[in-house]
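Text of my_file-v1.txt, listed as compact mmCIF, C-alpha atoms (C1' of nucleotides):
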# COMPACT_ATOMS: atom_id res chain seq x y z
CA MET A 140 0.00 0.00 0.00
CA LEU A 141 2.92 2.35 0.51
CA VAL A 142 3.63 1.98 -3.17
CA ASP A 143 0.13 3.21 -3.95
CA ALA A 144 0.66 6.03 -1.50
CA ARG A 145 3.87 7.18 -3.16
CA ALA A 146 2.32 7.02 -6.59
CA LEU A 147 -0.62 9.04 -5.37
CA ALA A 148 1.67 11.62 -3.78
CA ASP A 149 3.54 12.05 -7.06
CA ALA A 150 0.43 12.16 -9.17
CA LEU A 151 -1.30 14.64 -6.93
CA SER A 152 1.63 17.01 -6.67
CA GLU A 153 1.96 16.99 -10.43
CA LEU A 154 -1.75 17.63 -10.86
CA ILE A 155 -1.66 20.47 -8.40
CA ARG A 156 1.29 22.16 -10.03
CA VAL A 157 -0.29 22.10 -13.43
CA VAL A 158 -3.71 23.24 -12.24
CA GLN A 159 -2.16 26.05 -10.23
CA PHE A 160 -0.24 27.11 -13.28
CA ARG A 161 -3.34 27.09 -15.39
CA ASP A 162 -5.19 29.10 -12.77
CA ARG A 163 -2.41 31.66 -12.48
CA ASP A 164 -2.31 31.95 -16.22
CA ARG A 165 -6.03 32.28 -16.63
CA ALA A 166 -6.57 34.65 -13.74
CA CYS A 167 -5.86 37.65 -15.90
CA CYS A 168 -8.79 36.83 -18.18
CA TYR A 169 -11.36 38.07 -15.72
CA ASP A 170 -9.43 40.79 -13.86
CA ILE A 171 -9.66 38.71 -10.76
CA SER A 172 -7.09 36.70 -8.86
CA VAL A 173 -7.36 33.01 -8.10
CA SER A 174 -8.20 33.57 -4.44
CA GLN A 175 -10.69 36.24 -5.37
CA CYS A 176 -12.32 33.84 -7.77
CA TYR A 177 -12.66 31.18 -5.09
CA ALA A 178 -14.03 33.75 -2.68
CA LEU A 179 -16.54 35.08 -5.15
CA LYS A 180 -17.74 31.61 -5.97
CA GLY A 181 -17.98 30.80 -2.29
CA VAL A 182 -20.21 33.78 -1.64
CA VAL A 183 -22.34 33.21 -4.70
CA ASP A 184 -22.87 29.55 -3.87
CA ALA A 185 -23.63 30.22 -0.22
CA GLY A 186 -25.80 33.24 -0.84
CA ALA A 187 -24.03 35.10 1.96
CA LEU A 188 -20.89 34.53 3.99
CA THR A 189 -19.23 36.18 6.94
CA ILE A 190 -15.51 36.93 6.86
CA ASN A 191 -14.84 34.01 9.15
CA ASP A 192 -16.90 31.66 7.00
CA LEU A 193 -15.01 32.83 3.97
CA ALA A 194 -11.67 32.31 5.68
CA ALA A 195 -12.65 28.78 6.65
CA HIS A 196 -13.90 28.05 3.17
CA LEU A 197 -10.66 29.22 1.57
CA TYR A 198 -8.38 27.83 4.28
CA LEU A 199 -6.96 31.31 4.81
CA ASP A 200 -6.34 33.52 7.80
CA LYS A 201 -9.29 35.79 8.52
CA SER A 202 -7.13 38.85 7.87
CA THR A 203 -6.35 37.57 4.42
CA ALA A 204 -9.99 36.73 3.85
CA SER A 205 -10.92 40.27 4.89
CA ARG A 206 -8.54 41.71 2.30
CA VAL A 207 -9.72 39.37 -0.42
CA ALA A 208 -13.25 40.50 0.34
CA ASN A 209 -12.12 44.12 0.17
CA ALA A 210 -10.66 43.58 -3.26
CA LEU A 211 -13.95 42.14 -4.48
CA VAL A 212 -15.93 44.97 -2.90
CA ASP A 213 -13.65 47.48 -4.61
CA LYS A 214 -14.42 45.78 -7.89
CA ALA A 215 -18.12 46.03 -7.08
CA LEU A 216 -18.54 42.27 -7.21
CA LEU A 217 -19.44 41.93 -3.54
CA VAL A 218 -21.11 44.13 -0.94
CA ARG A 219 -20.52 44.20 2.79
CA GLN A 220 -23.60 44.43 4.96
CA ALA A 221 -23.79 44.69 8.70
CA ASP A 222 -25.55 41.75 10.28
CA GLU A 223 -28.77 42.83 11.96
CA ALA A 224 -28.49 40.52 14.92
CA ASP A 225 -24.78 40.88 15.64
CA GLY A 226 -23.04 44.18 15.06
CA ARG A 227 -19.64 42.59 14.73
CA VAL A 228 -20.53 40.39 11.83
CA VAL A 229 -20.07 41.35 8.20
CA ARG A 230 -22.32 39.66 5.69
CA LEU A 231 -20.85 39.41 2.23
CA THR A 232 -23.25 39.06 -0.64
CA ALA A 233 -22.67 39.17 -4.36
CA THR A 234 -23.80 42.05 -6.53
CA ALA A 235 -25.44 41.39 -9.86
CA ALA A 236 -22.08 42.02 -11.48
CA GLY A 237 -20.44 39.56 -9.11
CA THR A 238 -22.94 36.87 -9.88
CA ALA A 239 -22.53 37.52 -13.58
CA VAL A 240 -18.75 37.24 -13.45
CA CYS A 241 -19.01 34.08 -11.42
CA THR A 242 -21.46 32.56 -13.87
CA ARG A 243 -19.28 33.43 -16.81
CA ILE A 244 -16.16 31.95 -15.22
CA GLU A 245 -18.02 28.81 -14.28
CA SER A 246 -19.35 28.39 -17.78
CA ASP A 247 -15.96 28.85 -19.38
CA LEU A 248 -14.43 26.48 -16.90
CA ALA A 249 -17.14 23.89 -17.36
CA GLY A 250 -16.49 24.05 -21.08
CA GLU A 251 -12.81 23.35 -20.56
CA TYR A 252 -13.51 20.54 -18.18
CA ALA A 253 -16.10 19.01 -20.46
CA GLU A 254 -13.50 18.93 -23.20
CA LEU A 255 -10.99 17.41 -20.83
CA LEU A 256 -13.46 14.78 -19.73
CA GLY A 257 -13.68 13.78 -23.37
CA ASP A 258 -10.21 12.28 -22.92
CA PHE A 259 -11.74 9.64 -20.69
CA GLU A 260 -13.90 6.63 -21.26
CA PRO A 261 -17.53 7.29 -20.38
CA GLU A 262 -17.58 4.86 -17.47
CA VAL A 263 -14.51 6.55 -16.00
CA ARG A 264 -15.93 10.06 -16.24
CA ALA A 265 -18.41 9.73 -13.44
CA ALA A 266 -15.82 8.02 -11.28
CA ILE A 267 -13.40 10.92 -11.65
CA THR A 268 -15.57 13.45 -9.92
CA ARG A 269 -16.49 10.98 -7.20
CA VAL A 270 -12.85 10.20 -6.55
CA VAL A 271 -11.75 13.82 -6.54
CA THR A 272 -14.61 14.78 -4.25
CA ARG A 273 -13.84 12.02 -1.79
CA LEU A 274 -10.15 12.80 -1.86
CA GLY A 275 -10.91 16.40 -1.05
CA ARG A 276 -13.13 15.39 1.85
CA SER A 277 -10.53 13.03 3.23
CA PHE A 278 -7.92 15.75 3.17
CA ALA A 279 -10.28 18.27 4.69
CA ALA A 280 -11.14 15.90 7.50
CA ARG A 281 -7.48 15.36 8.26
CA VAL A 282 -6.67 19.04 8.11
CA ASP A 283 -9.54 19.89 10.41
CA ALA A 284 -8.62 17.13 12.80
CA SER A 285 -4.98 18.09 13.11
CA GLY A 286 -6.03 21.65 13.81
CA GLY A 287 -3.24 24.14 13.47
CA SER A 288 0.36 23.55 12.59
CA CYS A 289 1.79 20.16 11.91
CA CYS A 290 5.10 20.15 13.59
CA VAL A 291 4.66 22.18 16.70
CA VAL A 292 6.17 20.36 19.60
CA GLY A 293 3.72 21.84 22.07
CA MET B 85 -21.76 16.10 -19.48
CA LEU B 86 -21.59 19.76 -18.53
CA VAL B 87 -23.02 18.75 -15.19
CA ASP B 88 -20.12 16.35 -14.68
CA ALA B 89 -17.77 19.10 -15.74
CA ARG B 90 -19.13 21.56 -13.20
CA ALA B 91 -19.01 19.00 -10.45
CA LEU B 92 -15.44 18.18 -11.34
CA ALA B 93 -14.49 21.85 -11.37
CA ASP B 94 -15.93 22.29 -7.89
CA ALA B 95 -14.39 19.14 -6.51
CA LEU B 96 -10.99 19.90 -7.94
CA SER B 97 -10.88 23.46 -6.71
CA GLU B 98 -11.83 22.29 -3.25
CA LEU B 99 -9.19 19.57 -3.33
CA ILE B 100 -6.55 22.00 -4.45
CA ARG B 101 -7.34 24.54 -1.77
CA VAL B 102 -7.11 21.99 0.98
CA VAL B 103 -3.94 20.37 -0.32
CA GLN B 104 -2.31 23.75 -0.75
CA PHE B 105 -3.26 24.61 2.77
CA ARG B 106 -1.81 21.39 4.09
CA ASP B 107 1.37 22.01 2.12
CA ARG B 108 1.70 25.57 3.38
CA ASP B 109 1.16 24.35 6.87
CA ARG B 110 3.59 21.49 6.65
CA ALA B 111 6.31 23.37 4.81
CA CYS B 112 7.84 24.57 8.04
CA CYS B 113 8.53 20.99 9.16
CA TYR B 114 11.49 20.56 6.87
CA ASP B 115 12.79 24.13 6.62
CA ILE B 116 11.89 24.10 3.00
CA SER B 117 9.16 25.80 1.01
CA VAL B 118 6.63 24.02 -1.14
CA SER B 119 8.25 25.04 -4.40
CA GLN B 120 11.64 24.14 -3.02
CA CYS B 121 10.32 20.73 -2.10
CA TYR B 122 8.98 20.15 -5.61
CA ALA B 123 12.25 21.32 -7.09
CA LEU B 124 14.33 19.12 -4.84
CA LYS B 125 12.23 16.12 -5.67
CA GLY B 126 12.44 16.92 -9.36
CA VAL B 127 16.21 16.99 -9.25
CA VAL B 128 16.49 13.88 -7.13
CA ASP B 129 14.14 11.94 -9.39
CA ALA B 130 15.79 13.10 -12.58
CA GLY B 131 19.34 12.74 -11.31
CA ALA B 132 20.23 16.12 -12.79
CA LEU B 133 18.28 19.03 -14.21
CA THR B 134 19.13 22.29 -15.91
CA ILE B 135 17.42 25.49 -14.80
CA ASN B 136 15.21 25.43 -17.85
CA ASP B 137 14.25 21.82 -17.22
CA LEU B 138 13.42 22.68 -13.67
CA ALA B 139 11.31 25.65 -14.73
CA ALA B 140 9.38 23.46 -17.15
CA HIS B 141 8.90 20.80 -14.53
CA LEU B 142 7.54 23.27 -12.00
CA TYR B 143 5.59 25.38 -14.49
CA LEU B 144 7.52 28.43 -13.38
CA ASP B 145 9.43 31.19 -15.09
CA LYS B 146 13.10 30.34 -15.48
CA SER B 147 14.04 33.30 -13.29
CA THR B 148 11.93 31.91 -10.50
CA ALA B 149 13.38 28.46 -11.04
CA SER B 150 16.84 29.95 -10.80
CA ARG B 151 16.01 31.51 -7.44
CA VAL B 152 14.41 28.35 -6.12
CA ALA B 153 17.58 26.50 -7.09
CA ASN B 154 19.65 29.16 -5.32
CA ALA B 155 17.70 28.68 -2.14
CA LEU B 156 18.34 24.95 -2.24
CA VAL B 157 22.02 25.47 -2.98
CA ASP B 158 22.26 27.84 -0.03
CA LYS B 159 20.79 25.11 2.12
CA ALA B 160 23.38 22.71 0.74
CA LEU B 161 20.70 20.42 -0.65
CA LEU B 162 21.68 20.98 -4.29
CA VAL B 163 24.89 21.82 -6.11
CA ARG B 164 25.29 23.74 -9.33
CA GLN B 165 27.78 22.33 -11.81
CA ALA B 166 28.80 23.79 -15.13
CA ASP B 167 27.93 21.55 -18.04
CA GLU B 168 31.04 20.28 -19.77
CA ALA B 169 29.70 20.51 -23.27
CA ASP B 170 27.85 23.82 -23.02
CA GLY B 171 29.24 26.59 -20.89
CA ARG B 172 25.85 28.27 -20.50
CA VAL B 173 24.12 25.33 -18.93
CA VAL B 174 23.86 24.76 -15.20
CA ARG B 175 23.47 21.20 -14.06
CA LEU B 176 21.69 20.85 -10.75
CA THR B 177 22.33 17.71 -8.76
CA ALA B 178 21.35 16.77 -5.24
CA THR B 179 23.83 16.53 -2.41
CA ALA B 180 23.71 13.62 0.00
CA ALA B 181 21.84 15.91 2.40
CA GLY B 182 19.41 16.85 -0.35
CA THR B 183 18.68 13.25 -1.19
CA ALA B 184 18.24 12.46 2.49
CA VAL B 185 15.77 15.29 3.02
CA CYS B 186 13.85 14.27 -0.05
CA THR B 187 13.70 10.67 1.08
CA ARG B 188 12.49 11.67 4.49
CA ILE B 189 9.78 13.94 3.15
CA GLU B 190 8.64 11.27 0.73
CA SER B 191 8.44 8.69 3.49
CA ASP B 192 6.47 10.94 5.78
CA LEU B 193 4.16 11.90 2.97
CA ALA B 194 3.70 8.30 1.87
CA GLY B 195 2.73 7.47 5.42
CA GLU B 196 0.09 10.18 5.45
CA TYR B 197 -1.25 9.14 2.10
CA ALA B 198 -1.31 5.49 3.07
CA GLU B 199 -3.45 6.42 6.04
CA LEU B 200 -5.69 8.52 3.85
CA LEU B 201 -6.05 5.67 1.37
CA GLY B 202 -7.37 3.63 4.25
CA ASP B 203 -10.54 5.72 3.99
CA PHE B 204 -11.26 4.07 0.67
CA GLU B 205 -12.43 0.66 -0.35
CA PRO B 206 -9.59 -1.51 -1.64
CA GLU B 207 -10.89 -1.65 -5.18
CA VAL B 208 -11.13 2.13 -5.27
CA ARG B 209 -7.60 2.71 -4.04
CA ALA B 210 -5.84 1.67 -7.17
CA ALA B 211 -8.29 3.63 -9.26
CA ILE B 212 -7.55 6.84 -7.37
CA THR B 213 -3.95 7.06 -8.42
CA ARG B 214 -4.79 6.13 -11.99
CA VAL B 215 -7.45 8.82 -12.17
CA VAL B 216 -5.28 11.51 -10.60
CA THR B 217 -2.38 10.63 -12.88
CA ARG B 218 -4.51 10.75 -15.99
CA LEU B 219 -6.13 14.00 -14.90
CA GLY B 220 -2.70 15.53 -14.45
CA ARG B 221 -1.59 14.38 -17.89
CA SER B 222 -4.72 15.72 -19.53
CA PHE B 223 -4.19 19.12 -17.95
CA ALA B 224 -0.52 19.13 -18.81
CA ALA B 225 -1.27 18.31 -22.42
CA ARG B 226 -3.75 21.15 -22.61
CA VAL B 227 -1.42 23.62 -20.93
CA ASP B 228 1.43 22.68 -23.23
CA ALA B 229 -0.78 22.89 -26.26
CA SER B 230 -2.18 26.30 -25.48
CA GLY B 231 1.33 27.60 -24.94
CA GLY B 232 1.51 30.89 -23.12
CA SER B 233 -1.28 33.03 -21.87
CA CYS B 234 -4.89 32.20 -22.27
CA CYS B 235 -6.49 35.44 -23.15
CA VAL B 236 -4.00 37.30 -25.24
CA VAL B 237 -5.68 38.75 -28.23
CA GLY B 238 -2.52 39.05 -30.41
C1' DG C 292 34.39 36.69 -37.10
C1' DC C 293 29.86 38.81 -37.03
C1' DT C 294 25.12 37.88 -36.02
C1' DA C 295 21.40 35.44 -34.09
C1' DG C 296 19.82 32.51 -30.68
C1' DT C 297 19.88 30.26 -26.06
C1' DA C 298 20.86 29.52 -20.76
C1' DG C 299 20.78 31.74 -16.91
C1' DT C 300 20.86 35.92 -13.59
C1' DT C 301 19.35 40.14 -11.66
C1' DG C 302 16.39 44.33 -10.82
C1' DC C 303 11.98 45.45 -9.92
C1' DA C 304 7.22 45.44 -8.95
C1' DC C 305 3.48 43.16 -7.20
C1' DA C 306 0.52 39.44 -5.18
C1' DT C 307 -0.18 36.39 -1.45
C1' DG C 308 -0.60 35.17 3.07
C1' DA C 309 0.55 34.72 8.09
C1' DC C 310 0.96 36.70 12.69
C1' DA C 311 0.17 40.01 16.09
C1' DA C 312 -1.92 44.00 17.87
C1' DC C 313 -5.87 46.53 17.71
C1' DT C 314 -11.11 48.04 17.77
C1' DA C 315 -15.73 47.07 18.43
C1' DT C 316 -19.33 44.32 19.77
C1' DG C 317 -21.64 40.58 22.33
C1' DG C 318 -22.40 37.60 26.26
C1' DC C 319 -21.74 35.88 30.89
C1' DT C 320 -21.19 36.19 35.83
C1' DG C 321 -21.24 38.07 40.16
C1' DC D 53 -25.64 46.50 35.64
C1' DA D 54 -20.55 46.56 35.71
C1' DG D 55 -16.68 44.19 34.63
C1' DC D 56 -14.51 40.62 32.22
C1' DC D 57 -13.83 37.45 28.67
C1' DA D 58 -14.81 35.86 23.99
C1' DT D 59 -15.61 36.75 19.21
C1' DA D 60 -15.66 39.27 14.43
C1' DG D 61 -13.17 41.87 11.84
C1' DT D 62 -9.34 45.33 10.50
C1' DT D 63 -4.82 47.00 10.07
C1' DG D 64 0.33 47.05 10.34
C1' DT D 65 4.17 44.54 9.22
C1' DC D 66 6.89 41.13 7.34
C1' DA D 67 8.45 37.20 4.56
C1' DT D 68 7.91 34.70 0.48
C1' DG D 69 6.82 33.69 -4.21
C1' DT D 70 6.40 34.99 -8.91
C1' DG D 71 6.59 37.14 -13.57
C1' DC D 72 8.54 40.37 -16.81
C1' DA D 73 12.16 42.81 -18.80
C1' DA D 74 16.82 43.79 -19.26
C1' DC D 75 21.09 42.03 -18.84
C1' DT D 76 25.47 38.79 -19.31
C1' DA D 77 27.73 34.88 -21.08
C1' DC D 78 28.07 31.50 -24.11
C1' DT D 79 27.03 28.74 -28.61
C1' DA D 80 26.15 28.09 -33.40
C1' DG D 81 25.51 29.25 -38.19
C1' DC D 82 26.57 32.01 -42.18
Any chance you could put this one into structure tokens?
Amino acid sequence: MLVDARALADALSELIRVVQFRDRDRACCYDISVSQCYALKGVVDAGALTINDLAAHLYLDKSTASRVANALVDKALLVRQADEADGRVVRLTATAAGTAVCTRIESDLAGEYAELLGDFEPEVRAAITRVVTRLGRSFAARVDASGGSCCVVG
Amino acid sequence: MLVDARALADALSELIRVVQFRDRDRACCYDISVSQCYALKGVVDAGALTINDLAAHLYLDKSTASRVANALVDKALLVRQADEADGRVVRLTATAAGTAVCTRIESDLAGEYAELLGDFEPEVRAAITRVVTRLGRSFAARVDASGGSCCVVG
DNA sequence: GCTAGTAGTTGCACATGACAACTATGGCTG
DNA sequence: CAGCCATAGTTGTCATGTGCAACTACTAGC
């Protein structure tokens, strides 16, 4: 099983490098950075998010999440609203422009992915998404469980 | 099929965020950054790499690759050697320390991944690596094919 | 041997992201 | 209800990573 594990480690790191590269490269197309894109999509999908929710969703520090949100507000893709119940909380919601940008990016991306899925046999296609989803969940569970830093001696 | 494509896009972006986070978090453990780790592994696996080869392997600009190599040389994990045949070319090779660090990281990582693979049914395990590998290749082929930037009008 | 091309380095600007210190608000306890 | 602690978010600061453009050094072809 360690052989499988090593192969998976190699394959995943390669996949991540190439996807990151593609994302970096494509970011310019929409005048929006990769993190901003993830944040925008997070807010659009959720309907509304607080800064803390956003930070958790993106696996970023809340200060970084706050700045990412600022960037999107400056671009008029998001709005900040004060929460009625709790004065500390900021509710981020997407503007019409934000939703539009998000929709456009998703469509373009879906097109690319659809083409890419064409490389695979039909019976494999459905498995791919299942596998990737479950992999993501497994990682997330481990990350959440281990809490903060990995190598703190405590 | 567009539905599959959207689901894959979502799953993959989630996976990438969480893996990136884990990598950021774990980077400190070995006094080596994520890019440095990839570079070190690339050199160790290949036996020797030029700066250009390294840049291609990491999907980075050659200037960045050069600096990543510098950092590893400063840490005495790599050495730069002049190519005998071509005076312009730098040959990067790993030192004993570099190989040792790489081996240790790979072992630790393989352990983590082995544990993670335990979440999956045996018949799925083998499929995971195959799927991730093929996904990576499909992306790489597309990135190589499209060459430079995505949205240049020229 | 001059010119064009290639490998790599360096200067520079900018993006990303963490940590810590801070403000402001909410909630709990005596 | 006053004081204290916890929580949400912001801001300052710093380190790191990255690309682009300009540069040097070398090679190769005419």
Selected residue, from A:Ala195, A:Ala224, A:Leu231, A:Val158, that lies nearest to chain C when counting only C-alpha atoms (C1' of nucleotides): A:Ala224
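Take CA of Asn136 in chain B and CA of Gly220 in chain B: the distance between them is 20.7 Å.
All chain A residues having an atom within 6 Å of chain B, based on all atoms listed in the file, amount to Leu141, Ala144, Arg145, Leu147, Ala150, Leu154, Asp164, Arg165, Cys168, Ala249, Tyr252, Ala253, Thr268, Val271, Thr272, Gly275, Ser288, Cys289 and Cys290 of chain A.
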If we draw a sphere of 6 Å around (22.7, 29.7, -17.4), which residues have at least one atom in it when counting only C-alpha atoms (C1' of nucleotides)? Please report them as a ChimeraX atom specification. /B:172-174 /C:298-299
Residues of chain A within 12 Å of chain D, counting only C-alpha atoms (C1' of nucleotides), what are they? List them as a VMD selection string. chain A and resid 160 163 to 164 189 to 192 194 200 to 206 208 to 209 219 221 to 222 225 to 230
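Shortest atom-to-atom contact with chain A among C:DT294, C:DT307, C:DT320, C:DT300: C:DT307, counting only C-alpha atoms (C1' of nucleotides).
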If the cut-off is 8 Å, can you tell me the residues of chain C near chain A, counting only C-alpha atoms (C1' of nucleotides)? I'd like them as a short mmCIF file (atom, residue, chain, number, x, y, z; two decimals) with C-alpha atoms (C1' of nucleotides), in the coordinates of the input.
data_model
loop_
_atom_site.label_atom_id
_atom_site.label_comp_id
_atom_site.auth_asym_id
_atom_site.auth_seq_id
_atom_site.Cartn_x
_atom_site.Cartn_y
_atom_site.Cartn_z
"C1'" DG C 308 -0.60 35.17 3.07
"C1'" DA C 309 0.55 34.72 8.09
"C1'" DA C 315 -15.73 47.07 18.43
"C1'" DT C 316 -19.33 44.32 19.77
"C1'" DG C 317 -21.64 40.58 22.33
#
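The two atoms in question, CA of Gln120 in chain B and CA of Ala180 in chain B, are spaced 16.3 Å apart.
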Of the residues A:Val240, A:Glu262, A:Gln220, A:Val212, which is the one nearest to Cys176 in chain A, using all atoms listed in the file? A:Val240
Quick one: pull the distance between CA of Ala236 in chain A and CA of Val218 in chain A, Å, one decimal. 10.8 Å
